[in-house]
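The structure appears right after this line, and notes come after that.
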Number of protein chains: 2
Amino acid sequence: MTGGPYYPAPPPPPGPGANEHLPEWLRGEGEAADVVLSSRVRLARNLAGVLFASKATPSDRQRSMELCRDQIASAGLAERLAWEPLAKAPPQNRALLVERHLISKQLSRGKSAAGGADDPRGVAFSIPDERLAIMVNEEDHLRIQTIRSGLALATAWADADAIDDKLEAGLEYAFSPRFGYLTACPTNVGTGLRMSAMLHLPALRLTGDIEKVKRAASDMNLAVRGFYGEGSEAVGDLYQLSNQTTFGKSEAEILSLLEAEILPRVIEYERIARRELLAKRRIPLEDHVWRARGILSNARLLTTEEAMQALSLVRLGVLTGVTPAPDPAAEVRLVHLLWLYVQPAHLQRAFGREMDQEQRRAARAALVRSRLGRA
Amino acid sequence: MTGGPYYPAPPPPPGPGANEHLPEWLRGEGEAADVVLSSRVRLARNLAGVLFASKATPSDRQRSMELCRDQIASAGLAERLAWEPLAKAPPQNRALLVERHLISKQLSRGKSAAGGADDPRGVAFSIPDERLAIMVNEEDHLRIQTIRSGLALATAWADADAIDDKLEAGLEYAFSPRFGYLTACPTNVGTGLRMSAMLHLPALRLTGDIEKVKRAASDMNLAVRGFYGEGSEAVGDLYQLSNQTTFGKSEAEILSLLEAEILPRVIEYERIARRELLAKRRIPLEDHVWRARGILSNARLLTTEEAMQALSLVRLGVLTGVTPAPDPAAEVRLVHLLWLYVQPAHLQRAFGREMDQEQRRAARAALVRSRLGRA
């Protein structure tokens, strides 16, 4: 396991020809990639015999951090694994990890009762693919996250299950024969499993049917969240659909419900909406898509939200064929890359300097123009 | 005087290289043309011995129409003069004349009590410059309008005064030694004079100071109206500033107040606002201007209002030098041309067919793109 901080990395220049390495969740490959950006599995695990986060002292936190980190390092989890200690990590580095979906905002902040920024915690993740990330000392001692491009929950689940076994080989998990895995929050007790898919649903938003999807999901005890998870807005027409229930259903049941039943229906629903827009509302669709391109290639100031939203329409335009693209897959990857690099920390890293909000808006517009402006 | 209907004319094709003949009020020449599109003088006159519009029977209307028309035809008012009869004129032709500011909406509608569309009425105007227009049987028997590009109220006034004399040589005006010229509405009694300037004030709108200008104008008994006169909105950041009072002030006093006092101050105020935007808010200014260009060169659907507003920012961009233009004057004339041709009747004439609102929005976007899109 790489010992030191892996970040600052990668340093992508803003111009064309820049390093376009995309993390797994933005790679744009796999099944149903027109609608499903990525599939994600998360397991919550805690150590037996170490106090959970809410009662832990700083020395308890230090102990759980070391136990987990050492087992992660020695268990042979991936070809290359980076360890990023977060106590004392610069805020910009932590923000970068949040934006890459490698850590949660909660882990970035740390446990303030136990000392805030000094709270012992960290994240291990596979490089350069970032398919695997293990957060240590978040709400639970361990949060294992595996990600696969496209609709691939079964694969992501197999990945997570294997990692879980390797970690358990050297750690004693808090487990109750009656309740299953014990977790900091009762909503995770049982399997400790959350499966989710990151969906791009611009057509359902344009037709207004997105509200029906949300209600149906809620009726089936599924959560619909935004681009940055719990409590975040669905900017860029990106939605995370996930199971709410971890207790009383087996892993296989949750997997089957999502991957075989719910997600295929949502995917089909979005595809139908795209076809309907093309067939019955082509000019308004073209208007939306071309205006988005017009804004992105001309604006001198862009907020993150506006940029993400306009990029969403550019993606829709490419996938519906409304905007001619010599290499549609490359254009979709460019949208994914920009979705990431319009985020504040990535933007500042790309420009190599800290910026206030106004400067970021100008830099964001310049970055987007350099990629989407007049050839 | 040309006897038949002068319109349908001119038939401008939508593509580049189209006939760019602009009427006087959009020619973009003269003093302070960066702020003042045009100066306009209007005189209200009525015939003695013929009932005014509110009491007139259809035969009275016919009589006043013929008296006025014949005198207009024989008085040698301009090198070429078109007479456009409006009773029975197709609605599209009347709309075209309204959009060209040659007739008022009221004259277009006709006097419904006297038979609506059959109401005897018409307009004479000089061709091709359209500097002079004389409406017959509007609210008053005669409405003489003279227009000059830029800040040129004195010239426009001299024009109107000369026309007035030539008409009066063959017509007996309703005149009271005590009140002056008698008019249908008491607000016009006295001189029957309205002087106005069409101003482009985008910078004052962006800085928010436009409200101060409006309040100051109101305090000085001046009216601030929109692009299409009374009751119209100030789309495209275009405002008509005019005197309210026609009684108790001489023509020379009204002229001096507007041309020597008020208008130079408003012009300077707008110029200062433009310089301040450039000096202190250059990036937001660039953002506004470039977004407007991005919308105009990409949208597939445009309303008249959105097009006019975006064109306003394009004009501001050219005049402040924010957008490089090899021939700024030509670009300003293009904005003026498009301000006219995004209007519904002009748009339909340009495309040579009648269109519903949705079709017009698409055609408007196509027309604008063909002129402002990628070279």
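FYI, nothing fancy with the structure tokens labels: chains A, B, ... in order, residues from 1 per chain, ligands from 1 as they appear.
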
Distance-based interface of chain A with chain B, 8 Å, counting only C-alpha atoms, as number ranges by chain:
A: 283-284, 286-288, 290-291, 293-295, 297-301, 362

Please extract the residues of segment 226-296 of chain B with a backbone DSSP assignment of helix (DSSP H, G or I) and present them as a PyMOL selection string.
chain B and resi 235-237+251-280+282-296

Could you give me, as a PyMOL selection string, the residues within 8 Å of segment 313-321 of chain A, counting only C-alpha atoms and dropping anything in the same chain fewer than 2 positions from it?
chain A and resi 34+202-203+274-275+278+286+288-290+292-293+309-311+323-325+328+331-332+335

Which residues are close to segment 182-196 of chain A, i.e. within 7 Å by only C-alpha atoms, leaving aside same-chain residues fewer than 3 positions away? Reply as a VMD selection string.
chain A and resid 39 to 46 52 139 to 140 174 to 176 179 240 to 243 246 to 247 251

Write out, as a PDB file, in the first residue's frame, the residues just selected, with N, CA and C atoms.
```pdb
ATOM      1  N   SER A  39     -22.406   1.511 -11.103  1.00  0.00           N
ATOM      2  CA  SER A  39     -23.069   0.737 -10.059  1.00  0.00           C
ATOM      3  C   SER A  39     -22.129   0.705  -8.855  1.00  0.00           C
ATOM      4  N   ARG A  40     -22.722   0.802  -7.683  1.00  0.00           N
ATOM      5  CA  ARG A  40     -21.892   0.940  -6.486  1.00  0.00           C
ATOM      6  C   ARG A  40     -22.436   0.043  -5.385  1.00  0.00           C
ATOM      7  N   VAL A  41     -21.519  -0.616  -4.694  1.00  0.00           N
ATOM      8  CA  VAL A  41     -21.888  -1.403  -3.519  1.00  0.00           C
ATOM      9  C   VAL A  41     -21.120  -0.861  -2.332  1.00  0.00           C
ATOM     10  N   ARG A  42     -21.804  -0.725  -1.209  1.00  0.00           N
ATOM     11  CA  ARG A  42     -21.138  -0.233   0.007  1.00  0.00           C
ATOM     12  C   ARG A  42     -21.495  -1.149   1.169  1.00  0.00           C
ATOM     13  N   LEU A  43     -20.479  -1.571   1.896  1.00  0.00           N
ATOM     14  CA  LEU A  43     -20.688  -2.390   3.092  1.00  0.00           C
ATOM     15  C   LEU A  43     -20.226  -1.622   4.323  1.00  0.00           C
ATOM     16  N   ALA A  44     -21.065  -1.611   5.359  1.00  0.00           N
ATOM     17  CA  ALA A  44     -20.685  -0.975   6.625  1.00  0.00           C
ATOM     18  C   ALA A  44     -20.260  -2.071   7.604  1.00  0.00           C
ATOM     19  N   ARG A  45     -19.063  -1.911   8.172  1.00  0.00           N
ATOM     20  CA  ARG A  45     -18.538  -2.910   9.100  1.00  0.00           C
ATOM     21  C   ARG A  45     -17.901  -2.202  10.299  1.00  0.00           C
ATOM     22  N   ASN A  46     -17.968  -2.888  11.457  1.00  0.00           N
ATOM     23  CA  ASN A  46     -17.330  -2.335  12.654  1.00  0.00           C
ATOM     24  C   ASN A  46     -16.549  -3.429  13.374  1.00  0.00           C
ATOM     25  N   PHE A  52     -17.784   2.224  19.190  1.00  0.00           N
ATOM     26  CA  PHE A  52     -18.250   2.837  17.945  1.00  0.00           C
ATOM     27  C   PHE A  52     -18.016   4.351  17.997  1.00  0.00           C
ATOM     28  N   GLU A 139     -18.578   7.033   9.981  1.00  0.00           N
ATOM     29  CA  GLU A 139     -19.609   6.689  10.976  1.00  0.00           C
ATOM     30  C   GLU A 139     -19.373   5.266  11.505  1.00  0.00           C
ATOM     31  N   ASP A 140     -18.995   4.364  10.584  1.00  0.00           N
ATOM     32  CA  ASP A 140     -18.583   3.016  10.978  1.00  0.00           C
ATOM     33  C   ASP A 140     -17.065   2.912  10.852  1.00  0.00           C
ATOM     34  N   ALA A 174     -17.957  -6.725  14.520  1.00  0.00           N
ATOM     35  CA  ALA A 174     -19.085  -6.720  15.447  1.00  0.00           C
ATOM     36  C   ALA A 174     -20.273  -7.345  14.729  1.00  0.00           C
ATOM     37  N   PHE A 175     -20.698  -8.483  15.205  1.00  0.00           N
ATOM     38  CA  PHE A 175     -21.745  -9.238  14.508  1.00  0.00           C
ATOM     39  C   PHE A 175     -22.671  -9.879  15.524  1.00  0.00           C
ATOM     40  N   SER A 176     -23.953  -9.802  15.292  1.00  0.00           N
ATOM     41  CA  SER A 176     -24.922 -10.443  16.168  1.00  0.00           C
ATOM     42  C   SER A 176     -25.638 -11.521  15.371  1.00  0.00           C
ATOM     43  N   PHE A 179     -29.137 -10.047  14.753  1.00  0.00           N
ATOM     44  CA  PHE A 179     -29.326  -8.838  13.939  1.00  0.00           C
ATOM     45  C   PHE A 179     -28.423  -8.774  12.701  1.00  0.00           C
ATOM     46  N   GLN A 240     -28.924   9.144  -7.810  1.00  0.00           N
ATOM     47  CA  GLN A 240     -28.491   7.863  -7.263  1.00  0.00           C
ATOM     48  C   GLN A 240     -29.712   7.144  -6.710  1.00  0.00           C
ATOM     49  N   LEU A 241     -29.952   5.978  -7.240  1.00  0.00           N
ATOM     50  CA  LEU A 241     -31.071   5.162  -6.774  1.00  0.00           C
ATOM     51  C   LEU A 241     -30.496   4.037  -5.922  1.00  0.00           C
ATOM     52  N   SER A 242     -31.000   3.877  -4.692  1.00  0.00           N
ATOM     53  CA  SER A 242     -30.415   2.845  -3.821  1.00  0.00           C
ATOM     54  C   SER A 242     -31.455   2.224  -2.904  1.00  0.00           C
ATOM     55  N   ASN A 243     -31.113   1.060  -2.365  1.00  0.00           N
ATOM     56  CA  ASN A 243     -31.995   0.422  -1.382  1.00  0.00           C
ATOM     57  C   ASN A 243     -31.933   1.171  -0.065  1.00  0.00           C
ATOM     58  N   THR A 246     -31.755  -2.558   4.995  1.00  0.00           N
ATOM     59  CA  THR A 246     -30.602  -3.452   5.110  1.00  0.00           C
ATOM     60  C   THR A 246     -30.933  -4.647   5.989  1.00  0.00           C
ATOM     61  N   PHE A 247     -32.095  -4.620   6.586  1.00  0.00           N
ATOM     62  CA  PHE A 247     -32.448  -5.631   7.576  1.00  0.00           C
ATOM     63  C   PHE A 247     -33.630  -6.440   7.055  1.00  0.00           C
ATOM     64  N   GLU A 251     -28.567 -10.229   0.856  1.00  0.00           N
ATOM     65  CA  GLU A 251     -27.820  -9.515  -0.179  1.00  0.00           C
ATOM     66  C   GLU A 251     -28.327  -9.899  -1.564  1.00  0.00           C
TER      67      GLU A 251
END
```

Which of segment 122-235 of chain B DSSP labels strand (DSSP E), written as a PyMOL selection string
chain B and resi 122-126+132-136+142-149+175-176+180-181+193-200+222-225

Give me a file of those residues, with C-alpha atoms, as a short mmCIF file (atom, residue, chain, number, x, y, z; two decimals), in the first residue's frame.
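result.cif, written as the output of this step:
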```cif
data_model
loop_
_atom_site.label_atom_id
_atom_site.label_comp_id
_atom_site.auth_asym_id
_atom_site.auth_seq_id
_atom_site.Cartn_x
_atom_site.Cartn_y
_atom_site.Cartn_z
CA GLY B 122 -54.46 55.38 -44.40
CA VAL B 123 -50.88 56.43 -44.18
CA ALA B 124 -48.57 58.30 -46.49
CA PHE B 125 -44.83 57.87 -46.09
CA SER B 126 -41.70 58.82 -47.90
CA LEU B 132 -41.85 61.08 -43.04
CA ALA B 133 -45.12 59.37 -42.25
CA ILE B 134 -48.55 60.97 -42.14
CA MET B 135 -51.32 58.95 -40.55
CA VAL B 136 -54.80 59.91 -41.69
CA LEU B 142 -53.66 64.05 -39.24
CA ARG B 143 -50.63 62.79 -37.41
CA ILE B 144 -47.43 64.04 -39.00
CA GLN B 145 -44.32 62.08 -38.02
CA THR B 146 -40.78 62.96 -38.98
CA ILE B 147 -37.79 60.89 -37.97
CA ARG B 148 -34.05 61.40 -38.08
CA SER B 149 -31.25 59.03 -37.15
CA PHE B 175 -57.38 76.03 -34.25
CA SER B 176 -58.35 78.17 -31.27
CA GLY B 180 -53.93 76.48 -30.02
CA TYR B 181 -54.40 73.40 -32.17
CA LEU B 193 -46.38 68.32 -30.55
CA ARG B 194 -44.62 65.30 -29.22
CA MET B 195 -40.86 65.05 -29.48
CA SER B 196 -39.16 61.84 -28.58
CA ALA B 197 -35.89 60.01 -28.80
CA MET B 198 -35.43 56.25 -29.06
CA LEU B 199 -32.63 55.40 -26.66
CA HIS B 200 -30.60 52.23 -26.22
CA LEU B 222 -41.36 63.33 -19.42
CA ALA B 223 -42.77 59.97 -20.51
CA VAL B 224 -40.61 56.86 -20.75
CA ARG B 225 -42.09 54.28 -23.09
#
```

Taking 2 positions as the minimum chain separation for residues in the same chain, which residues sit within 9 Å of Ile163 of chain A when counting only C-alpha atoms? Answer as a PDB file with N, CA, C and O atoms, in the first residue's frame.
```pdb
ATOM      1  N   ALA A  75      -3.762  -7.255   3.409  1.00  0.00           N
ATOM      2  CA  ALA A  75      -4.710  -8.277   2.958  1.00  0.00           C
ATOM      3  C   ALA A  75      -4.651  -8.558   1.458  1.00  0.00           C
ATOM      4  O   ALA A  75      -5.383  -9.420   0.975  1.00  0.00           O
ATOM      5  N   LEU A  77      -5.539  -6.572  -1.246  1.00  0.00           N
ATOM      6  CA  LEU A  77      -6.870  -6.243  -1.777  1.00  0.00           C
ATOM      7  C   LEU A  77      -6.866  -5.822  -3.240  1.00  0.00           C
ATOM      8  O   LEU A  77      -7.842  -6.000  -3.952  1.00  0.00           O
ATOM      9  N   LEU A 132     -12.157   0.529  -6.007  1.00  0.00           N
ATOM     10  CA  LEU A 132     -12.315   0.170  -4.599  1.00  0.00           C
ATOM     11  C   LEU A 132     -11.906   1.341  -3.716  1.00  0.00           C
ATOM     12  O   LEU A 132     -10.881   1.974  -3.967  1.00  0.00           O
ATOM     13  N   ILE A 144     -16.703  -0.175   3.063  1.00  0.00           N
ATOM     14  CA  ILE A 144     -16.104  -0.716   1.840  1.00  0.00           C
ATOM     15  C   ILE A 144     -16.958  -0.299   0.652  1.00  0.00           C
ATOM     16  O   ILE A 144     -18.164  -0.536   0.647  1.00  0.00           O
ATOM     17  N   ALA A 158     -19.796  -8.786  -6.065  1.00  0.00           N
ATOM     18  CA  ALA A 158     -18.777  -9.837  -5.945  1.00  0.00           C
ATOM     19  C   ALA A 158     -17.449  -9.230  -5.484  1.00  0.00           C
ATOM     20  O   ALA A 158     -16.763  -9.788  -4.615  1.00  0.00           O
ATOM     21  N   ASP A 159     -17.112  -8.071  -6.042  1.00  0.00           N
ATOM     22  CA  ASP A 159     -15.889  -7.364  -5.622  1.00  0.00           C
ATOM     23  C   ASP A 159     -15.936  -7.059  -4.133  1.00  0.00           C
ATOM     24  O   ASP A 159     -14.980  -7.331  -3.391  1.00  0.00           O
ATOM     25  N   ALA A 160     -17.034  -6.483  -3.687  1.00  0.00           N
ATOM     26  CA  ALA A 160     -17.149  -6.055  -2.292  1.00  0.00           C
ATOM     27  C   ALA A 160     -17.115  -7.258  -1.353  1.00  0.00           C
ATOM     28  O   ALA A 160     -16.476  -7.231  -0.293  1.00  0.00           O
ATOM     29  N   ASP A 161     -17.793  -8.307  -1.771  1.00  0.00           N
ATOM     30  CA  ASP A 161     -17.864  -9.513  -0.955  1.00  0.00           C
ATOM     31  C   ASP A 161     -16.464 -10.108  -0.753  1.00  0.00           C
ATOM     32  O   ASP A 161     -16.093 -10.520   0.351  1.00  0.00           O
ATOM     33  N   ASP A 165     -14.356 -10.442   2.773  1.00  0.00           N
ATOM     34  CA  ASP A 165     -13.786 -11.695   3.272  1.00  0.00           C
ATOM     35  C   ASP A 165     -12.315 -11.526   3.643  1.00  0.00           C
ATOM     36  O   ASP A 165     -11.858 -11.999   4.683  1.00  0.00           O
ATOM     37  N   LYS A 166     -11.592 -10.828   2.774  1.00  0.00           N
ATOM     38  CA  LYS A 166     -10.151 -10.654   3.022  1.00  0.00           C
ATOM     39  C   LYS A 166      -9.903  -9.798   4.261  1.00  0.00           C
ATOM     40  O   LYS A 166      -8.939 -10.021   5.001  1.00  0.00           O
ATOM     41  N   LEU A 167     -10.756  -8.824   4.460  1.00  0.00           N
ATOM     42  CA  LEU A 167     -10.584  -7.982   5.648  1.00  0.00           C
ATOM     43  C   LEU A 167     -10.972  -8.760   6.904  1.00  0.00           C
ATOM     44  O   LEU A 167     -10.295  -8.712   7.934  1.00  0.00           O
ATOM     45  N   GLU A 168     -12.045  -9.513   6.810  1.00  0.00           N
ATOM     46  CA  GLU A 168     -12.549 -10.258   7.963  1.00  0.00           C
ATOM     47  C   GLU A 168     -11.556 -11.337   8.397  1.00  0.00           C
ATOM     48  O   GLU A 168     -11.549 -11.751   9.565  1.00  0.00           O
TER      49      GLU A 168
END
```

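Reported to one decimal place, the separation of atom CA of Asp129 of chain B from atom CA of His21 of chain B is 8.8 Å.
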
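Here the question is which of A:Ile267, A:Ala32, A:Arg371, A:Leu258 gets nearest to Leu153 of chain A using only C-alpha atoms, and that residue is A:Leu258.
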
May I have the residues within 12 Å of Val266 of chain B as a VMD selection string, using only C-alpha atoms and disregarding those fewer than 3 positions away in the same chain?
chain B and resid 32 35 to 36 151 197 to 201 203 to 204 209 to 210 212 to 214 216 to 217 239 to 241 258 to 263 269 to 273

If you keep C-alpha atoms, can you produce a file of those selected residues as an mmCIF file, in the first residue's frame?
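Output contents, as saved in part.cif:
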```cif
data_model
loop_
_atom_site.group_PDB
_atom_site.id
_atom_site.type_symbol
_atom_site.label_atom_id
_atom_site.label_comp_id
_atom_site.auth_asym_id
_atom_site.auth_seq_id
_atom_site.Cartn_x
_atom_site.Cartn_y
_atom_site.Cartn_z
ATOM 1 C CA ALA B 32 -24.736 60.225 -30.313
ATOM 2 C CA VAL B 35 -27.072 55.755 -27.459
ATOM 3 C CA VAL B 36 -29.719 57.501 -29.572
ATOM 4 C CA LEU B 151 -29.867 62.919 -31.857
ATOM 5 C CA ALA B 197 -35.885 60.006 -28.797
ATOM 6 C CA MET B 198 -35.431 56.251 -29.063
ATOM 7 C CA LEU B 199 -32.634 55.401 -26.663
ATOM 8 C CA HIS B 200 -30.603 52.229 -26.224
ATOM 9 C CA LEU B 201 -29.745 52.000 -22.531
ATOM 10 C CA ALA B 203 -25.620 49.625 -19.448
ATOM 11 C CA LEU B 204 -28.049 51.584 -17.259
ATOM 12 C CA ASP B 209 -29.551 52.908 -12.675
ATOM 13 C CA ILE B 210 -32.300 52.798 -15.305
ATOM 14 C CA LYS B 212 -33.231 56.480 -11.472
ATOM 15 C CA VAL B 213 -33.518 57.694 -15.048
ATOM 16 C CA LYS B 214 -37.186 56.737 -15.146
ATOM 17 C CA ALA B 216 -36.029 61.640 -12.957
ATOM 18 C CA ALA B 217 -37.863 61.659 -16.292
ATOM 19 C CA TYR B 239 -36.721 53.336 -24.391
ATOM 20 C CA GLN B 240 -38.623 56.232 -25.903
ATOM 21 C CA LEU B 241 -38.243 59.424 -23.941
ATOM 22 C CA LEU B 258 -35.108 67.814 -24.666
ATOM 23 C CA GLU B 259 -32.264 68.279 -27.098
ATOM 24 C CA ALA B 260 -30.098 70.698 -25.134
ATOM 25 C CA GLU B 261 -30.820 69.663 -21.552
ATOM 26 C CA ILE B 262 -32.353 66.280 -20.870
ATOM 27 C CA LEU B 263 -31.084 64.040 -23.651
ATOM 28 C CA TYR B 269 -25.272 58.778 -17.987
ATOM 29 C CA GLU B 270 -25.450 55.715 -20.260
ATOM 30 C CA ARG B 271 -21.915 56.316 -21.529
ATOM 31 C CA ILE B 272 -20.603 56.564 -17.974
ATOM 32 C CA ALA B 273 -22.385 53.315 -17.104
#
```

Return the single residue from B:Ala363, B:Pro128, B:Ser370, B:Ala345 that is closest to Arg94 of chain B, with distances computed using only C-alpha atoms.
B:Ala345

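We find atom CA of Leu372 of chain B and atom CA of Val235 of chain B to be spaced 19.6 Å apart.
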
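The space between atom CA of Ser54 of chain B and atom CA of Ser74 of chain B spans 27.9 Å.
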